[in-house]
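> File data.cif below, mmCIF, C-alpha atoms and all ligand atoms:
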```cif
data_work
loop_
_atom_site.label_atom_id
_atom_site.label_comp_id
_atom_site.auth_asym_id
_atom_site.auth_seq_id
_atom_site.Cartn_x
_atom_site.Cartn_y
_atom_site.Cartn_z
CA MET A 27 -72.48 -28.15 -71.65
CA LYS A 28 -73.04 -26.84 -68.14
CA SER A 29 -74.76 -23.44 -68.19
CA PHE A 30 -73.27 -20.50 -66.35
CA ARG A 31 -75.04 -19.59 -63.10
CA MET A 32 -74.24 -17.35 -60.20
CA VAL A 33 -76.40 -18.16 -57.19
CA PRO A 34 -75.70 -15.80 -54.26
CA SER A 35 -76.52 -12.14 -54.59
CA VAL A 36 -73.38 -10.05 -54.03
CA THR A 37 -73.32 -6.72 -52.23
CA GLU A 38 -70.49 -4.49 -51.05
CA TYR A 39 -70.21 -2.31 -47.94
CA LYS A 40 -67.16 -0.31 -46.93
CA GLU A 41 -67.47 -1.37 -43.28
CA PHE A 42 -69.26 -4.18 -41.44
CA ALA A 43 -71.44 -1.64 -39.58
CA GLY A 44 -73.08 -0.62 -42.87
CA TYR A 45 -74.06 -4.22 -43.64
CA ALA A 46 -75.21 -4.88 -40.05
CA LYS A 47 -77.54 -1.89 -40.20
CA ALA A 48 -78.93 -2.67 -43.66
CA ALA A 49 -79.54 -6.33 -42.74
CA GLY A 50 -80.90 -5.51 -39.26
CA LEU A 51 -78.58 -8.02 -37.55
CA GLY A 52 -79.76 -8.93 -34.07
CA ALA A 53 -80.41 -11.59 -31.43
CA ASP A 54 -81.96 -14.07 -33.86
CA ASP A 55 -78.77 -14.21 -35.98
CA LEU A 56 -75.83 -16.56 -35.44
CA VAL A 57 -72.43 -15.08 -36.34
CA VAL A 58 -69.77 -17.74 -37.07
CA THR A 59 -66.35 -16.13 -36.89
CA ASN A 60 -63.03 -15.82 -35.02
CA ARG A 61 -62.57 -13.77 -31.89
CA TYR A 62 -59.75 -11.74 -33.49
CA ILE A 63 -62.20 -10.59 -36.16
CA TYR A 64 -65.20 -10.16 -33.85
CA GLU A 65 -63.59 -8.18 -31.02
CA PRO A 66 -62.16 -5.24 -32.98
CA GLY A 67 -64.82 -4.84 -35.65
CA ILE A 68 -68.16 -6.34 -34.60
CA SER A 69 -68.59 -6.56 -30.81
CA ARG A 70 -68.52 -2.77 -30.39
CA LEU A 71 -71.61 -2.50 -32.60
CA GLY A 72 -73.65 -4.06 -29.75
CA LEU A 73 -75.82 -6.12 -32.12
CA GLY A 74 -76.65 -8.82 -29.56
CA CYS A 75 -76.09 -11.61 -32.14
CA GLN A 76 -75.36 -15.15 -31.00
CA THR A 77 -71.81 -16.23 -31.76
CA VAL A 78 -69.67 -19.26 -32.54
CA PHE A 79 -65.90 -18.72 -32.38
CA GLN A 80 -64.23 -21.34 -34.58
CA GLU A 81 -60.94 -21.47 -32.67
CA GLU A 82 -62.74 -22.70 -29.53
CA TYR A 83 -63.40 -25.96 -31.38
CA GLY A 84 -59.93 -26.50 -32.88
CA GLY A 85 -57.36 -24.85 -35.14
CA GLY A 86 -56.45 -25.13 -38.80
CA GLU A 87 -58.63 -26.63 -41.46
CA PRO A 88 -62.17 -27.80 -40.65
CA THR A 89 -62.48 -31.36 -39.38
CA ASP A 90 -65.47 -33.60 -38.67
CA GLU A 91 -64.70 -33.41 -34.94
CA MET A 92 -64.67 -29.62 -34.98
CA VAL A 93 -67.96 -29.34 -36.87
CA ASP A 94 -69.64 -32.03 -34.76
CA ALA A 95 -68.64 -30.21 -31.55
CA ILE A 96 -70.20 -27.00 -32.91
CA LEU A 97 -73.36 -28.84 -33.98
CA GLU A 98 -73.62 -30.33 -30.48
CA GLU A 99 -73.26 -26.88 -28.93
CA LEU A 100 -75.97 -25.45 -31.21
CA ARG A 101 -78.44 -28.33 -30.77
CA ASP A 102 -80.62 -26.57 -28.19
CA LYS A 103 -80.21 -23.07 -29.54
CA SER A 104 -82.69 -21.22 -31.68
CA TYR A 105 -81.49 -18.93 -34.46
CA GLY A 106 -82.42 -17.86 -37.95
CA ARG A 107 -79.75 -16.59 -40.31
CA ILE A 108 -76.16 -17.82 -40.18
CA ILE A 109 -73.65 -15.05 -40.88
CA ALA A 110 -70.14 -16.37 -41.62
CA VAL A 111 -67.46 -13.71 -41.15
CA GLY A 112 -64.00 -15.13 -41.78
CA GLY A 113 -61.55 -16.97 -44.00
CA GLY A 114 -61.83 -20.38 -45.66
CA THR A 115 -62.22 -22.43 -42.47
CA VAL A 116 -65.05 -20.32 -41.02
CA ILE A 117 -66.85 -20.25 -44.37
CA ASP A 118 -66.56 -24.02 -44.89
CA ILE A 119 -67.95 -24.66 -41.38
CA ALA A 120 -70.84 -22.21 -41.85
CA LYS A 121 -71.85 -23.86 -45.15
CA VAL A 122 -72.21 -27.17 -43.29
CA LEU A 123 -74.13 -25.61 -40.38
CA ALA A 124 -76.58 -24.07 -42.87
CA VAL A 125 -77.70 -27.50 -44.14
CA ALA A 126 -77.55 -29.42 -40.83
CA GLY A 127 -80.77 -30.49 -39.14
CA ARG A 128 -81.08 -30.86 -35.35
CA THR A 129 -79.92 -34.46 -35.23
CA ASP A 130 -77.25 -34.31 -37.96
CA THR A 131 -73.54 -35.00 -37.65
CA VAL A 132 -70.89 -34.61 -40.36
CA ASP A 133 -71.21 -38.33 -41.15
CA THR A 134 -75.00 -38.20 -41.64
CA LEU A 135 -74.64 -35.11 -43.87
CA TYR A 136 -72.16 -36.91 -46.16
CA GLU A 137 -74.46 -39.97 -46.19
CA ARG A 138 -77.42 -37.95 -47.43
CA MET A 139 -75.47 -35.40 -49.52
CA GLN A 140 -77.93 -35.72 -52.45
CA GLU A 141 -80.91 -34.71 -50.30
CA LEU A 142 -79.46 -31.83 -48.33
CA ARG A 143 -81.68 -28.78 -48.01
CA LYS A 144 -81.07 -25.42 -46.48
CA GLU A 145 -82.06 -25.25 -42.81
CA HIS A 146 -80.92 -21.63 -42.23
CA PRO A 147 -80.44 -18.68 -44.58
CA LEU A 148 -76.69 -18.22 -45.13
CA VAL A 149 -74.76 -14.97 -45.51
CA ILE A 150 -70.99 -15.13 -46.19
CA VAL A 151 -68.66 -12.22 -45.47
CA PRO A 152 -65.10 -13.19 -46.54
CA THR A 153 -62.23 -11.63 -44.59
CA THR A 154 -59.40 -12.84 -46.85
CA CYS A 155 -58.98 -12.11 -50.57
CA GLY A 156 -58.44 -15.56 -52.01
CA THR A 157 -60.86 -18.43 -51.58
CA GLY A 158 -63.85 -17.08 -53.51
CA SER A 159 -65.70 -19.58 -51.30
CA GLU A 160 -68.52 -17.08 -50.73
CA VAL A 161 -69.85 -17.89 -54.21
CA THR A 162 -69.23 -21.67 -54.39
CA ASN A 163 -71.28 -24.59 -53.04
CA ILE A 164 -68.51 -26.83 -51.75
CA SER A 165 -67.08 -27.28 -48.27
CA ILE A 166 -63.93 -29.34 -47.71
CA ILE A 167 -64.02 -31.21 -44.40
CA ASN A 168 -61.19 -33.39 -43.17
CA ARG A 169 -62.96 -36.56 -42.06
CA THR A 170 -60.36 -37.57 -39.51
CA ARG A 171 -62.37 -40.58 -38.36
CA LYS A 172 -62.38 -41.98 -41.89
CA GLY A 173 -58.90 -40.69 -42.81
CA VAL A 174 -60.11 -38.80 -45.90
CA LYS A 175 -60.45 -35.18 -46.83
CA MET A 176 -63.48 -34.77 -49.01
CA GLY A 177 -65.78 -32.13 -50.33
CA LEU A 178 -69.39 -31.87 -49.21
CA VAL A 179 -71.14 -30.42 -52.25
CA SER A 180 -74.75 -29.37 -52.54
CA GLU A 181 -76.92 -26.74 -54.22
CA ALA A 182 -78.27 -26.07 -50.72
CA MET A 183 -74.84 -24.90 -49.58
CA TYR A 184 -74.76 -21.81 -51.76
CA ALA A 185 -74.95 -18.64 -49.69
CA ASP A 186 -78.06 -16.56 -50.13
CA GLU A 187 -75.92 -13.49 -49.99
CA ALA A 188 -72.18 -12.81 -50.31
CA VAL A 189 -71.18 -9.53 -48.70
CA LEU A 190 -67.85 -7.89 -49.57
CA VAL A 191 -66.50 -5.60 -46.84
CA PRO A 192 -63.04 -4.23 -47.75
CA GLY A 193 -62.74 -2.61 -44.30
CA LEU A 194 -62.48 -6.09 -42.75
CA LEU A 195 -59.27 -6.77 -44.71
CA GLN A 196 -57.37 -3.96 -43.04
CA SER A 197 -56.27 -6.15 -40.12
CA LEU A 198 -55.05 -8.98 -42.39
CA PRO A 199 -51.38 -9.90 -41.83
CA TYR A 200 -49.21 -9.46 -44.96
CA SER A 201 -48.55 -13.21 -45.28
CA VAL A 202 -52.27 -13.96 -45.43
CA PHE A 203 -52.81 -11.21 -48.00
CA ALA A 204 -49.94 -12.62 -50.09
CA THR A 205 -50.99 -16.28 -50.04
CA SER A 206 -54.68 -15.54 -50.52
CA SER A 207 -54.22 -13.12 -53.42
CA ILE A 208 -51.88 -15.66 -55.09
CA ASP A 209 -54.64 -18.25 -54.69
CA ALA A 210 -57.15 -15.87 -56.33
CA MET A 211 -54.76 -15.15 -59.23
CA ILE A 212 -54.32 -18.89 -59.78
CA HIS A 213 -58.12 -19.44 -59.67
CA ALA A 214 -58.38 -16.82 -62.43
CA VAL A 215 -55.67 -18.43 -64.60
CA GLU A 216 -56.79 -22.04 -64.11
CA SER A 217 -60.44 -21.19 -64.82
CA TYR A 218 -59.40 -19.13 -67.89
CA LEU A 219 -57.40 -22.00 -69.38
CA SER A 220 -59.94 -24.70 -68.43
CA PRO A 221 -61.60 -26.50 -71.35
CA ASN A 222 -64.79 -26.15 -69.31
CA ALA A 223 -64.67 -22.34 -69.38
CA CYS A 224 -67.39 -20.48 -71.25
CA ALA A 225 -67.57 -16.92 -72.58
CA LEU A 226 -69.20 -15.68 -69.36
CA SER A 227 -66.83 -17.40 -66.92
CA GLU A 228 -63.95 -15.98 -68.99
CA VAL A 229 -65.21 -12.45 -68.36
CA PHE A 230 -64.80 -13.07 -64.63
CA SER A 231 -61.35 -14.73 -65.00
CA VAL A 232 -60.10 -11.82 -67.11
CA GLN A 233 -61.53 -9.17 -64.81
CA ALA A 234 -59.96 -10.85 -61.76
CA LEU A 235 -56.53 -10.69 -63.44
CA THR A 236 -57.20 -7.13 -64.59
CA LEU A 237 -57.69 -6.14 -60.94
CA ILE A 238 -54.97 -8.25 -59.31
CA LEU A 239 -51.93 -7.71 -61.55
CA PRO A 240 -51.78 -3.87 -61.63
CA CYS A 241 -52.60 -3.72 -57.89
CA TRP A 242 -49.85 -6.26 -57.11
CA LYS A 243 -47.44 -4.18 -59.17
CA ALA A 244 -48.45 -0.94 -57.44
CA ALA A 245 -48.22 -2.61 -54.02
CA ALA A 246 -44.79 -4.12 -54.74
CA ASP A 247 -43.47 -0.83 -56.20
CA GLY A 248 -45.03 1.14 -53.33
CA GLY A 249 -42.89 -0.73 -50.84
CA GLY A 250 -43.77 -1.56 -47.28
CA LYS A 251 -45.91 -4.39 -46.04
CA ASP A 252 -49.07 -2.28 -45.90
CA ALA A 253 -48.98 -0.82 -49.43
CA TRP A 254 -51.53 -3.43 -50.63
CA LYS A 255 -54.15 -2.19 -48.19
CA GLN A 256 -55.18 0.76 -50.31
CA TYR A 257 -56.24 -1.79 -52.95
CA ALA A 258 -58.18 -4.00 -50.49
CA ALA A 259 -61.47 -3.47 -52.34
CA GLU A 260 -59.88 -4.47 -55.66
CA PHE A 261 -58.32 -7.62 -54.21
CA LEU A 262 -61.59 -8.62 -52.54
CA ARG A 263 -63.58 -8.11 -55.75
CA ALA A 264 -60.95 -10.00 -57.73
CA SER A 265 -61.16 -12.95 -55.34
CA ASN A 266 -64.94 -12.91 -55.74
CA TYR A 267 -64.75 -12.78 -59.56
CA ALA A 268 -62.18 -15.57 -59.64
CA GLY A 269 -64.49 -17.62 -57.36
CA ILE A 270 -67.38 -17.11 -59.80
CA ALA A 271 -65.11 -18.16 -62.68
CA PHE A 272 -63.73 -21.33 -61.08
CA GLY A 273 -67.18 -22.17 -59.68
CA HIS A 274 -68.10 -22.70 -63.34
CA ALA A 275 -64.88 -23.72 -65.12
CA GLY A 276 -63.03 -25.41 -62.26
CA CYS A 277 -59.46 -25.36 -61.02
CA ALA A 278 -56.88 -27.71 -62.50
CA ALA A 279 -53.35 -29.11 -62.26
CA VAL A 280 -51.85 -26.35 -60.10
CA HIS A 281 -54.40 -27.08 -57.37
CA ALA A 282 -54.20 -30.84 -57.94
CA LEU A 283 -50.40 -30.96 -57.60
CA SER A 284 -50.35 -28.63 -54.61
CA TYR A 285 -52.58 -30.83 -52.41
CA PRO A 286 -49.94 -33.45 -51.44
CA LEU A 287 -47.49 -30.69 -50.49
CA GLY A 288 -50.11 -28.77 -48.50
CA GLY A 289 -51.40 -31.91 -46.79
CA ALA A 290 -48.12 -33.60 -45.87
CA HIS A 291 -46.12 -30.50 -44.96
CA HIS A 292 -48.82 -28.10 -43.75
CA VAL A 293 -48.06 -25.41 -46.31
CA PRO A 294 -50.77 -22.72 -46.64
CA HIS A 295 -53.02 -23.38 -49.65
CA GLY A 296 -52.02 -20.30 -51.68
CA GLU A 297 -48.34 -20.88 -50.96
CA SER A 298 -48.36 -24.53 -52.07
CA ASN A 299 -50.20 -23.40 -55.23
CA GLN A 300 -47.47 -20.83 -55.85
CA VAL A 301 -44.80 -23.56 -55.71
CA MET A 302 -46.58 -25.49 -58.48
CA PHE A 303 -47.79 -22.57 -60.63
CA ALA A 304 -44.79 -21.73 -62.86
CA PRO A 305 -43.68 -25.39 -63.29
CA VAL A 306 -47.21 -26.42 -64.39
CA MET A 307 -47.52 -23.45 -66.76
CA LYS A 308 -44.13 -24.24 -68.28
CA LYS A 309 -45.18 -27.84 -68.86
CA TYR A 310 -48.37 -26.56 -70.56
CA ALA A 311 -46.26 -24.27 -72.78
CA GLU A 312 -44.04 -27.20 -73.74
CA LYS A 313 -47.00 -29.41 -74.68
CA LYS A 314 -49.29 -26.83 -76.31
CA PRO A 315 -47.52 -23.54 -76.91
CA ASP A 316 -50.35 -22.17 -79.08
CA GLY A 317 -54.01 -21.65 -78.21
CA LYS A 318 -55.35 -19.94 -75.11
CA LEU A 319 -51.99 -19.83 -73.41
CA VAL A 320 -50.90 -17.26 -76.01
CA GLU A 321 -54.04 -15.18 -75.35
CA LEU A 322 -53.28 -15.32 -71.65
CA GLY A 323 -49.71 -14.13 -72.30
CA VAL A 324 -51.01 -11.21 -74.36
CA LEU A 325 -53.53 -10.22 -71.66
CA VAL A 326 -50.90 -10.40 -68.91
CA SER A 327 -48.36 -8.45 -70.98
CA LYS A 328 -50.88 -5.64 -71.50
CA LEU A 329 -51.59 -5.52 -67.78
CA LEU A 330 -47.89 -5.50 -66.87
CA GLY A 331 -46.66 -3.32 -69.74
CA CYS A 332 -44.21 -5.74 -71.34
CA ARG A 333 -43.77 -7.55 -74.65
CA ALA A 334 -46.37 -10.28 -75.29
CA GLU A 335 -43.84 -13.13 -75.30
CA ARG A 336 -42.51 -11.97 -71.90
CA GLY A 337 -46.02 -11.82 -70.29
CA LEU A 338 -46.02 -15.08 -68.34
CA GLU A 339 -42.36 -14.78 -67.29
CA GLU A 340 -43.07 -11.30 -65.91
CA LEU A 341 -46.09 -12.70 -64.05
CA TYR A 342 -43.87 -15.27 -62.27
CA VAL A 343 -41.42 -12.51 -61.36
CA LEU A 344 -44.17 -10.27 -59.99
CA MET A 345 -45.76 -13.12 -58.00
CA ASP A 346 -42.36 -13.82 -56.43
CA ARG A 347 -42.09 -10.16 -55.41
CA ILE A 348 -45.39 -10.55 -53.53
CA LEU A 349 -44.12 -13.71 -51.83
CA GLU A 350 -40.74 -15.27 -52.33
CA ARG A 351 -41.23 -18.65 -53.94
CA LYS A 352 -39.46 -21.62 -52.39
CA PRO A 353 -38.57 -24.96 -53.96
CA MET A 354 -40.38 -28.05 -52.64
CA ARG A 355 -37.28 -29.24 -50.79
CA ALA A 356 -37.40 -26.13 -48.60
CA TYR A 357 -40.56 -27.57 -47.01
CA GLY A 358 -38.83 -30.84 -46.11
CA VAL A 359 -40.00 -32.84 -49.14
CA THR A 360 -37.49 -35.51 -50.20
CA GLU A 361 -36.81 -36.43 -53.82
CA GLU A 362 -37.92 -40.00 -53.10
CA GLU A 363 -41.38 -38.72 -52.18
CA LEU A 364 -42.02 -37.21 -55.63
CA PRO A 365 -43.12 -40.42 -57.43
CA ARG A 366 -45.56 -41.08 -54.57
CA TYR A 367 -46.92 -37.55 -54.93
CA ALA A 368 -47.41 -38.08 -58.68
CA ASP A 369 -49.21 -41.39 -58.07
CA SER A 370 -51.51 -39.88 -55.47
CA VAL A 371 -52.42 -36.97 -57.76
CA VAL A 372 -53.40 -39.39 -60.54
CA GLU A 373 -55.36 -41.54 -58.07
CA THR A 374 -57.23 -38.85 -56.17
CA GLN A 375 -57.34 -35.61 -58.17
CA GLN A 376 -59.07 -36.59 -61.42
CA ARG A 377 -61.88 -34.08 -60.70
CA LEU A 378 -59.31 -31.26 -61.01
CA LEU A 379 -57.11 -32.84 -63.70
CA GLY A 380 -60.17 -32.91 -65.98
CA ASN A 381 -59.95 -29.11 -66.15
CA ASN A 382 -56.33 -29.06 -67.35
CA TYR A 383 -55.38 -26.89 -70.32
CA VAL A 384 -53.79 -30.07 -71.73
CA PRO A 385 -53.91 -33.58 -70.25
CA LEU A 386 -50.83 -34.48 -68.17
CA SER A 387 -49.66 -38.07 -67.78
CA ARG A 388 -48.30 -39.49 -64.52
CA ASP A 389 -44.73 -39.11 -65.84
CA GLU A 390 -45.36 -35.51 -66.90
CA ILE A 391 -46.75 -34.75 -63.43
CA LEU A 392 -43.59 -36.29 -61.95
CA ALA A 393 -41.49 -34.08 -64.25
CA VAL A 394 -43.37 -31.00 -63.02
CA TYR A 395 -42.62 -32.02 -59.43
CA GLN A 396 -38.96 -32.53 -60.30
CA SER A 397 -38.72 -29.06 -61.79
CA ALA A 398 -40.41 -27.58 -58.69
CA TYR A 399 -38.12 -29.56 -56.39
FE FE A 401 -57.51 -22.30 -54.31
#
```
Show how you would write the structure in this file as structure tokens.


Amino acid sequence: MKSFRMVPSVTEYKEFAGYAKAAGLGADDLVVTNRYIYEPGISRLGLGCQTVFQEEYGGGEPTDEMVDAILEELRDKSYGRIIAVGGGTVIDIAKVLAVAGRTDTVDTLYERMQELRKEHPLVIVPTTCGTGSEVTNISIINRTRKGVKMGLVSEAMYADEAVLVPGLLQSLPYSVFATSSIDAMIHAVESYLSPNACALSEVFSVQALTLILPCWKAAADGGGKDAWKQYAAEFLRASNYAGIAFGHAGCAAVHALSYPLGGAHHVPHGESNQVMFAPVMKKYAEKKPDGKLVELGVLVSKLLGCRAERGLEELYVLMDRILERKPMRAYGVTEEELPRYADSVVETQQRLLGNNYVPLSRDEILAVYQSAY
């Protein structure tokens, strides 16, 4: 059995200025970020750090071309620490930069994945409340030249330090809050139900849900698109805890089934997970209604103040108040595509399917898609 480990140290500062001062950020540091994060919150601190703005190298998810262009730009520069301040894309790029030597490209890094070592100390400051990527050692790069999207995974890609700064979440648009907190909630549930969970990872799954569900409820009841902001620290911690939990126990069918939808129809990660969440959970309940699913229902019911047997149903209702759930067809998926989706999940997502609460056959996966359609 894999033993539970948490590699990065985790600290929390209310504002970025507090971290910058404590860490003594300066000219020898390279900040990897987006301009819309840097301009309002960091540039006025006059730290003199070197910078890389991700959007200058391309938009959306990280690709080999984007990362190679950044590596080329950095080839003649001298810097020590890499400080990633951003969402999933910025963090995934910074993890790769931290293990890249002067002559590396994305292709050479994948070729020698087993031997990667850390070239620069890495600090990760997440600015969304979902990925938990600040505490995991995987970076997903779309290798456009090879036509595959694959994870670069290495011990060397763990951050040395994860820094939680709730103040940075204040400028997050509501839609990003909604999709990222849904992603974090699903990380917590999938890691909790995973057969690879252990007593310690469970503590983090449970605590993530204990933070997210009451804060979601308060934010939804509070009304207004900004009501969640007073719970920014709770959502950020929850995302971090859920990241620690799934870093050990893994994510499962919800993530596996959401990838074809996200990839083919460019649906944000948390949103495509939301589409699959209730249908997958209902299939689990059909196949194995006893066991940990019951414990999860009891936990959720306590957090939401409802009867135990209503727990999961109330969770779906609450999630849909945070973001209205759409059926797959609303994204342009056709019914004829569903068997292809099921086949591709079985072919390419075995790493995730191995963490399922119960095994799902190809036909059961197709049935889940049909109920989400
Ligand atoms: Fe996720």

> Using all atoms listed in the file, which of the listed residues (A:Val116, A:Leu283, A:Ala49, A:Leu235) sits closest to ligand FE 401 (chain A)?

A:Leu283

> Quick one: of A:Met176, A:Ala253, A:Leu330, A:Leu135, who's nearest to Pro240 of chain A, counting all atoms listed in the file?

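Using all atoms listed in the file, Pro240 of chain A sits closest to A:Leu330.
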
> Using all atoms listed in the file, find each residue with an atom at most 10 Å away from ligand FE 401 (chain A) and format the answer as a PyMOL selection string.

chain A and resi 114+156-159+205-214+216+268-269+272+277-278+280-282+284+295-299

> Write a file of the selected residues as a PDB file, in the coordinates of the input, keeping C-alpha atoms.


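File part05.pdb, as written:
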```pdb
ATOM      1  CA  GLY A 114     -61.830 -20.380 -45.660  1.00  0.00           C
ATOM      2  CA  GLY A 156     -58.440 -15.560 -52.010  1.00  0.00           C
ATOM      3  CA  THR A 157     -60.860 -18.430 -51.580  1.00  0.00           C
ATOM      4  CA  GLY A 158     -63.850 -17.080 -53.510  1.00  0.00           C
ATOM      5  CA  SER A 159     -65.700 -19.580 -51.300  1.00  0.00           C
ATOM      6  CA  THR A 205     -50.990 -16.280 -50.040  1.00  0.00           C
ATOM      7  CA  SER A 206     -54.680 -15.540 -50.520  1.00  0.00           C
ATOM      8  CA  SER A 207     -54.220 -13.120 -53.420  1.00  0.00           C
ATOM      9  CA  ILE A 208     -51.880 -15.660 -55.090  1.00  0.00           C
ATOM     10  CA  ASP A 209     -54.640 -18.250 -54.690  1.00  0.00           C
ATOM     11  CA  ALA A 210     -57.150 -15.870 -56.330  1.00  0.00           C
ATOM     12  CA  MET A 211     -54.760 -15.150 -59.230  1.00  0.00           C
ATOM     13  CA  ILE A 212     -54.320 -18.890 -59.780  1.00  0.00           C
ATOM     14  CA  HIS A 213     -58.120 -19.440 -59.670  1.00  0.00           C
ATOM     15  CA  ALA A 214     -58.380 -16.820 -62.430  1.00  0.00           C
ATOM     16  CA  GLU A 216     -56.790 -22.040 -64.110  1.00  0.00           C
ATOM     17  CA  ALA A 268     -62.180 -15.570 -59.640  1.00  0.00           C
ATOM     18  CA  GLY A 269     -64.490 -17.620 -57.360  1.00  0.00           C
ATOM     19  CA  PHE A 272     -63.730 -21.330 -61.080  1.00  0.00           C
ATOM     20  CA  CYS A 277     -59.460 -25.360 -61.020  1.00  0.00           C
ATOM     21  CA  ALA A 278     -56.880 -27.710 -62.500  1.00  0.00           C
ATOM     22  CA  VAL A 280     -51.850 -26.350 -60.100  1.00  0.00           C
ATOM     23  CA  HIS A 281     -54.400 -27.080 -57.370  1.00  0.00           C
ATOM     24  CA  ALA A 282     -54.200 -30.840 -57.940  1.00  0.00           C
ATOM     25  CA  SER A 284     -50.350 -28.630 -54.610  1.00  0.00           C
ATOM     26  CA  HIS A 295     -53.020 -23.380 -49.650  1.00  0.00           C
ATOM     27  CA  GLY A 296     -52.020 -20.300 -51.680  1.00  0.00           C
ATOM     28  CA  GLU A 297     -48.340 -20.880 -50.960  1.00  0.00           C
ATOM     29  CA  SER A 298     -48.360 -24.530 -52.070  1.00  0.00           C
ATOM     30  CA  ASN A 299     -50.200 -23.400 -55.230  1.00  0.00           C
TER      31      ASN A 299
END
```

> Using all atoms listed in the file, which protein or nucleic acid residues come within 8 Å of Leu329 of chain A? Drop anything in the same chain fewer than 3 positions from it, and give the result as a list of chain:residue names.

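What passes the distance filter is A:Thr236, A:Leu239, A:Pro240, A:Leu325, A:Val326.
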
> Residues as selected, C-alpha atoms, written as a short mmCIF file (atom, residue, chain, number, x, y, z; two decimals), in the coordinates of the input, can you do that?


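Saved the output as selection-v9.cif:
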```cif
data_model
loop_
_atom_site.label_atom_id
_atom_site.label_comp_id
_atom_site.auth_asym_id
_atom_site.auth_seq_id
_atom_site.Cartn_x
_atom_site.Cartn_y
_atom_site.Cartn_z
CA THR A 236 -57.20 -7.13 -64.59
CA LEU A 239 -51.93 -7.71 -61.55
CA PRO A 240 -51.78 -3.87 -61.63
CA LEU A 325 -53.53 -10.22 -71.66
CA VAL A 326 -50.90 -10.40 -68.91
#
```

> Using 6 Å of padding on each side, determine the axis-aligned box around all atoms of segment 227-235 of chain A present in the file and give its centre and edge lengths in Å to one decimal, as JSON.


```
{"center_x": -61.7, "center_y": -13.3, "center_z": -65.4, "size_x": 22.3, "size_y": 20.2, "size_z": 19.2}
```

> Mind pulling up the distance from atom CA of Leu341 of chain A to atom CA of Lys328 of chain A?

11.3 Å

> Residues within 12 Å of (-87.4, -12.5, -33.6), file coordinates, counting only C-alpha atoms: what are they? Give the list as a ChimeraX atom specification.

/A:50-55,75,104-107

> Under the rule that all atoms listed in the file are counted, which of A:Ile108, A:Asp186, A:Glu181, A:Cys155 is the nearest residue to Ile238 of chain A?

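Result for the nearest residue to Ile238 of chain A: A:Cys155.
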
> Can you tell me how far atom CA of Gln300 of chain A sits from atom CA of Glu321 of chain A, in Å to one decimal?

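So the answer is 21.3 Å.
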
> Neighbouring residues of Lys309 of chain A were defined as those with any atom within 9 Å, considering only C-alpha atoms; residues of the same chain fewer than 3 positions away were excluded. Please report them as a CSV table (one decimal) with C-alpha atoms, keeping the file's coordinate frame.


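What ended up in out-v7.csv:
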```csv
chain,number,residue,atom,x,y,z
A,304,ALA,CA,-44.8,-21.7,-62.9
A,305,PRO,CA,-43.7,-25.4,-63.3
A,306,VAL,CA,-47.2,-26.4,-64.4
A,312,GLU,CA,-44.0,-27.2,-73.7
A,313,LYS,CA,-47.0,-29.4,-74.7
A,314,LYS,CA,-49.3,-26.8,-76.3
A,386,LEU,CA,-50.8,-34.5,-68.2
A,390,GLU,CA,-45.4,-35.5,-66.9
A,391,ILE,CA,-46.8,-34.8,-63.4
A,393,ALA,CA,-41.5,-34.1,-64.2
A,394,VAL,CA,-43.4,-31.0,-63.0
```

> If we count only C-alpha atoms and set the cut-off at 9 Å, which residues sit around Ile63 of chain A, ignoring sequence neighbours fewer than 5 positions away in its own chain? Please answer as a PDB file with C-alpha atoms, in the coordinates of the input.


```pdb
ATOM      1  CA  ILE A  68     -68.160  -6.340 -34.600  1.00  0.00           C
ATOM      2  CA  VAL A 111     -67.460 -13.710 -41.150  1.00  0.00           C
ATOM      3  CA  GLY A 112     -64.000 -15.130 -41.780  1.00  0.00           C
ATOM      4  CA  THR A 153     -62.230 -11.630 -44.590  1.00  0.00           C
ATOM      5  CA  LEU A 194     -62.480  -6.090 -42.750  1.00  0.00           C
ATOM      6  CA  SER A 197     -56.270  -6.150 -40.120  1.00  0.00           C
TER       7      SER A 197
END
```

> To one decimal in Å, tell me the separation between atom CA of Val301 of chain A and atom CA of Ala259 of chain A.

26.3 Å

> Which of these residues is nearest to Ala246 of chain A, using all atoms listed in the file: A:Met345, A:Leu198, A:Leu226, A:Val151?

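Ranking A:Met345, A:Leu198, A:Leu226, A:Val151 by distance to Ala246 of chain A, first place goes to A:Met345.
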
> Between A:Ile164, A:Val372, A:Leu338, A:Met183, which residue has the minimum interatomic distance to Tyr285 of chain A, considering all atoms listed in the file?

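Nearest candidate to Tyr285 of chain A out of A:Ile164, A:Val372, A:Leu338, A:Met183: A:Val372.
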
> Just want the 9 Å neighbourhood of Leu322 of chain A, counted on only C-alpha atoms, with same-chain residues fewer than 2 positions away dropped. Output as a ChimeraX atom specification.

/A:215,218-219,232,318-320,324-327,337-338
